[in-house]
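Chemist: Take a look at this one; I'll ask things after.
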Amino acid sequence: MSVVIKTLIFALFAILVVSASLKVSSFTQLEDVIWRSNLMPYALVRVAAVIVVSMEFAVAAGLLIPRIRRFALLTAQYLFLFFFAYSLWRVQQKITAPCNCFGAIFLMPPWATALLDLILASACFFLSDKVNMSPRSNTLSVQSNPIQVKE
């Protein structure tokens, strides 16, 4: 795997771990942001917050395991697209409370979160195309198209 691909995967891993860790450290604020969005009854807010944090940690762990890295990248892509849709909905509903994406330390308005999520989903799409299962070693490798010479 090329150094650039490894670096981008590690950056995604770091973003997911930092984001989930900061959400855990300000969990009640995360619950408050979810509640203010008026998407679910209050009884489900804590469950939704736990699912979001768990997904981020699980996808981050998957990025470290070569055999499931491509699946983790595809899952991360859908996770970021879900966050993108949620952020756009918050913009449309004029919910100005910061998203709590990175806990209470780094707060962003919904439009900035939507942009960041779209960039991250695009990065996952790009990387999932570059990482594939190698039939010989049963591990992930960078995709290449060898040139065949006709004789």
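Residue names in the structure tokens use chain letters A, B, ... in the order shown, residue numbers from 1 in each chain, and ligand numbers from 1 in the order shown.
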What lies within 8 Å of Gly62 in chain A using only C-alpha atoms, ignoring chain neighbours under 4 positions off, as a PyMOL selection string?
Modeler: chain A and resi 58+66+68-69+71-72
Chemist: Next, the residues of the selection above should be written as a CSV table (one decimal), in the first residue's frame with N, CA and C atoms.
Modeler:
```csv
chain,number,residue,atom,x,y,z
A,58,ALA,N,-16.1,1.7,16.1
A,58,ALA,CA,-16.1,0.4,15.4
A,58,ALA,C,-15.5,0.6,14.0
A,66,PRO,N,-6.6,-5.1,8.2
A,66,PRO,CA,-6.5,-5.2,6.8
A,66,PRO,C,-7.6,-6.0,6.1
A,68,ILE,N,-10.7,-6.3,6.7
A,68,ILE,CA,-12.0,-5.6,6.7
A,68,ILE,C,-11.9,-4.1,6.4
A,69,ARG,N,-10.7,-3.7,6.0
A,69,ARG,CA,-10.5,-2.2,5.8
A,69,ARG,C,-11.4,-1.7,4.7
A,71,PHE,N,-14.3,-2.7,3.8
A,71,PHE,CA,-15.7,-2.7,4.4
A,71,PHE,C,-15.8,-1.5,5.3
A,72,ALA,N,-14.8,-1.3,6.1
A,72,ALA,CA,-14.8,-0.2,7.1
A,72,ALA,C,-14.8,1.2,6.3
```
Chemist: DSSP says strand (DSSP E) for which residues of range 2-149 of chain A? Put them as a list in words?
Modeler: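 Selection result, strand (DSSP E) within range 2-149 of chain A: Cys101, Phe102, Gly103, Ala104, Val131, Asn132, Met133, Leu140, Ser141 and Val142 of chain A.
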Chemist: Residues as selected, N, CA and C atoms, written as a PDB file, in the first residue's frame, can you do that?
Modeler:
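Below you can see result_29.pdb, which holds the result:
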```
ATOM      1  N   CYS A 101     -19.805  17.625  16.972  1.00  0.00           N
ATOM      2  CA  CYS A 101     -19.117  16.571  16.228  1.00  0.00           C
ATOM      3  C   CYS A 101     -17.800  16.183  16.882  1.00  0.00           C
ATOM      4  N   PHE A 102     -17.131  17.165  17.441  1.00  0.00           N
ATOM      5  CA  PHE A 102     -15.862  16.921  18.116  1.00  0.00           C
ATOM      6  C   PHE A 102     -15.965  17.304  19.583  1.00  0.00           C
ATOM      7  N   GLY A 103     -17.101  17.004  20.179  1.00  0.00           N
ATOM      8  CA  GLY A 103     -17.304  17.314  21.580  1.00  0.00           C
ATOM      9  C   GLY A 103     -17.427  18.811  21.808  1.00  0.00           C
ATOM     10  N   ALA A 104     -17.265  19.198  23.060  1.00  0.00           N
ATOM     11  CA  ALA A 104     -17.412  20.605  23.436  1.00  0.00           C
ATOM     12  C   ALA A 104     -16.173  21.424  23.099  1.00  0.00           C
ATOM     13  N   VAL A 131      -8.224   0.512  -2.252  1.00  0.00           N
ATOM     14  CA  VAL A 131      -7.929  -0.614  -1.384  1.00  0.00           C
ATOM     15  C   VAL A 131      -8.822  -1.771  -1.790  1.00  0.00           C
ATOM     16  N   ASN A 132      -8.219  -2.921  -2.055  1.00  0.00           N
ATOM     17  CA  ASN A 132      -9.022  -4.084  -2.428  1.00  0.00           C
ATOM     18  C   ASN A 132      -8.398  -5.343  -1.850  1.00  0.00           C
ATOM     19  N   MET A 133      -9.115  -6.433  -1.973  1.00  0.00           N
ATOM     20  CA  MET A 133      -8.604  -7.712  -1.502  1.00  0.00           C
ATOM     21  C   MET A 133      -7.684  -8.306  -2.558  1.00  0.00           C
ATOM     22  N   LEU A 140      -5.364  -6.801   2.213  1.00  0.00           N
ATOM     23  CA  LEU A 140      -5.663  -5.628   1.413  1.00  0.00           C
ATOM     24  C   LEU A 140      -4.399  -5.056   0.804  1.00  0.00           C
ATOM     25  N   SER A 141      -4.526  -4.555  -0.384  1.00  0.00           N
ATOM     26  CA  SER A 141      -3.398  -3.932  -1.043  1.00  0.00           C
ATOM     27  C   SER A 141      -3.914  -2.809  -1.925  1.00  0.00           C
ATOM     28  N   VAL A 142      -2.995  -2.001  -2.427  1.00  0.00           N
ATOM     29  CA  VAL A 142      -3.380  -0.920  -3.326  1.00  0.00           C
ATOM     30  C   VAL A 142      -3.665  -1.514  -4.696  1.00  0.00           C
TER      31      VAL A 142
END
```
Chemist: Between CA of Thr7 in chain A and CA of Leu120 in chain A, what is the distance in Å, rounded to a tenth?
Modeler: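 CA of Leu120 in chain A lies at a distance of 14.1 Å from CA of Thr7 in chain A.
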Chemist: Which is closest to Cys99 in chain A among A:Leu44, A:Ile119, A:Val50, A:Val33, if we use only C-alpha atoms?
Modeler: A:Val33
Chemist: Counting only C-alpha atoms, what is within 8 Å of Leu73 in chain A, bar same-chain residues fewer than 3 positions away, as a list in words?
Modeler: Val59, Leu63, Arg69, Arg70, Ala76, Gln77, Cys124, Phe125, Leu127 and Ser128 of chain A
Chemist: Which residue, A:Gln93, A:Asn100, A:Ser2, A:Ser26, has the smallest gap to Leu39 in chain A when you use only C-alpha atoms?
Modeler: A:Gln93
Chemist: Show which residues sit within 10 Å of Arg46 in chain A, as a compact mmCIF listing (two decimals) with N, CA and C atoms, in the first residue's frame. Count only C-alpha atoms, and ignore same-chain residues fewer than 2 positions away.
Modeler:
```txt
# COMPACT_ATOMS: atom_id res chain seq x y z
N PHE A 27 -20.77 13.83 26.72
CA PHE A 27 -21.89 13.01 26.29
C PHE A 27 -23.24 13.70 26.50
N THR A 28 -23.42 14.38 27.62
CA THR A 28 -24.71 15.04 27.86
C THR A 28 -24.95 16.15 26.84
N LEU A 30 -23.85 16.04 23.73
CA LEU A 30 -24.23 15.32 22.52
C LEU A 30 -25.72 14.95 22.57
N GLU A 31 -26.16 14.47 23.71
CA GLU A 31 -27.58 14.14 23.87
C GLU A 31 -28.45 15.38 23.68
N ASP A 32 -28.00 16.49 24.22
CA ASP A 32 -28.75 17.74 24.09
C ASP A 32 -28.88 18.17 22.63
N ILE A 34 -28.74 16.24 19.99
CA ILE A 34 -29.65 15.30 19.32
C ILE A 34 -31.10 15.63 19.69
N TRP A 35 -31.35 15.92 20.95
CA TRP A 35 -32.70 16.24 21.41
C TRP A 35 -33.22 17.51 20.74
N TYR A 42 -37.60 11.65 23.34
CA TYR A 42 -36.51 11.79 24.30
C TYR A 42 -35.98 10.44 24.78
N ALA A 43 -36.84 9.44 24.87
CA ALA A 43 -36.43 8.12 25.35
C ALA A 43 -35.38 7.47 24.44
N LEU A 44 -35.32 7.88 23.18
CA LEU A 44 -34.37 7.28 22.23
C LEU A 44 -33.09 8.10 22.06
N ALA A 48 -29.51 6.72 20.59
CA ALA A 48 -28.94 7.26 19.35
C ALA A 48 -27.52 7.76 19.58
N ALA A 49 -27.28 8.43 20.69
CA ALA A 49 -25.94 8.94 21.00
C ALA A 49 -24.95 7.79 21.18
N VAL A 50 -25.37 6.74 21.86
CA VAL A 50 -24.49 5.57 22.05
C VAL A 50 -24.20 4.90 20.71
N ILE A 51 -25.19 4.79 19.85
CA ILE A 51 -24.99 4.18 18.53
C ILE A 51 -24.00 5.00 17.70
N VAL A 52 -24.14 6.31 17.70
CA VAL A 52 -23.23 7.17 16.92
C VAL A 52 -21.79 6.99 17.39
```
Chemist: If we count only C-alpha atoms, what is near Trp89 in chain A at a cut-off of 12 Å, once residues fewer than 4 positions away on the same chain are taken out, given as a ChimeraX atom specification?
Modeler: /A:37-39,82-85,93-96,99,110-111,113-114
Chemist: Give me, please, the distance in Å between CA of Tyr78 in chain A and CA of Ala123 in chain A, quoted to one decimal.
Modeler: 11.7 Å
Chemist: Using CA of Asp117 in chain A and CA of Met40 in chain A as the two end points, give the distance in Å to one decimal.
Modeler: 22.0 Å
Chemist: Return as a ChimeraX atom specification the full set of residues in chain A whose backbone-based DSSP assignment is alpha helix (DSSP H).
Modeler: /A:3-25,27-36,42-64,69-92,110-130
Chemist: With only C-alpha atoms as the counted atoms, please give the residues lying no more than 10 Å from Val17 in chain A, apart from itself and same-chain residues fewer than 4 positions off, as a PyMOL selection string.
Modeler: chain A and resi 11-13+21-23+53+56-61+102
Chemist: For the residues selected in the previous step, produce a file with C-alpha atoms as a PDB file, in the first residue's frame.
Modeler:
```pdb
ATOM      1  CA  ALA A  11      -5.969  10.370   9.203  1.00  0.00           C
ATOM      2  CA  LEU A  12      -9.529   8.973   8.918  1.00  0.00           C
ATOM      3  CA  PHE A  13      -8.803   6.646  11.825  1.00  0.00           C
ATOM      4  CA  SER A  21     -13.625  10.273  22.292  1.00  0.00           C
ATOM      5  CA  LEU A  22     -14.599  13.929  22.503  1.00  0.00           C
ATOM      6  CA  LYS A  23     -18.271  13.017  22.173  1.00  0.00           C
ATOM      7  CA  VAL A  53     -20.226   6.934  19.237  1.00  0.00           C
ATOM      8  CA  GLU A  56     -17.323   5.787  15.060  1.00  0.00           C
ATOM      9  CA  PHE A  57     -15.160   3.602  17.310  1.00  0.00           C
ATOM     10  CA  ALA A  58     -16.078   0.427  15.381  1.00  0.00           C
ATOM     11  CA  VAL A  59     -15.319   1.942  11.974  1.00  0.00           C
ATOM     12  CA  ALA A  60     -12.029   3.345  13.273  1.00  0.00           C
ATOM     13  CA  ALA A  61     -11.050  -0.109  14.540  1.00  0.00           C
ATOM     14  CA  PHE A 102     -15.862  16.921  18.116  1.00  0.00           C
TER      15      PHE A 102
END
```
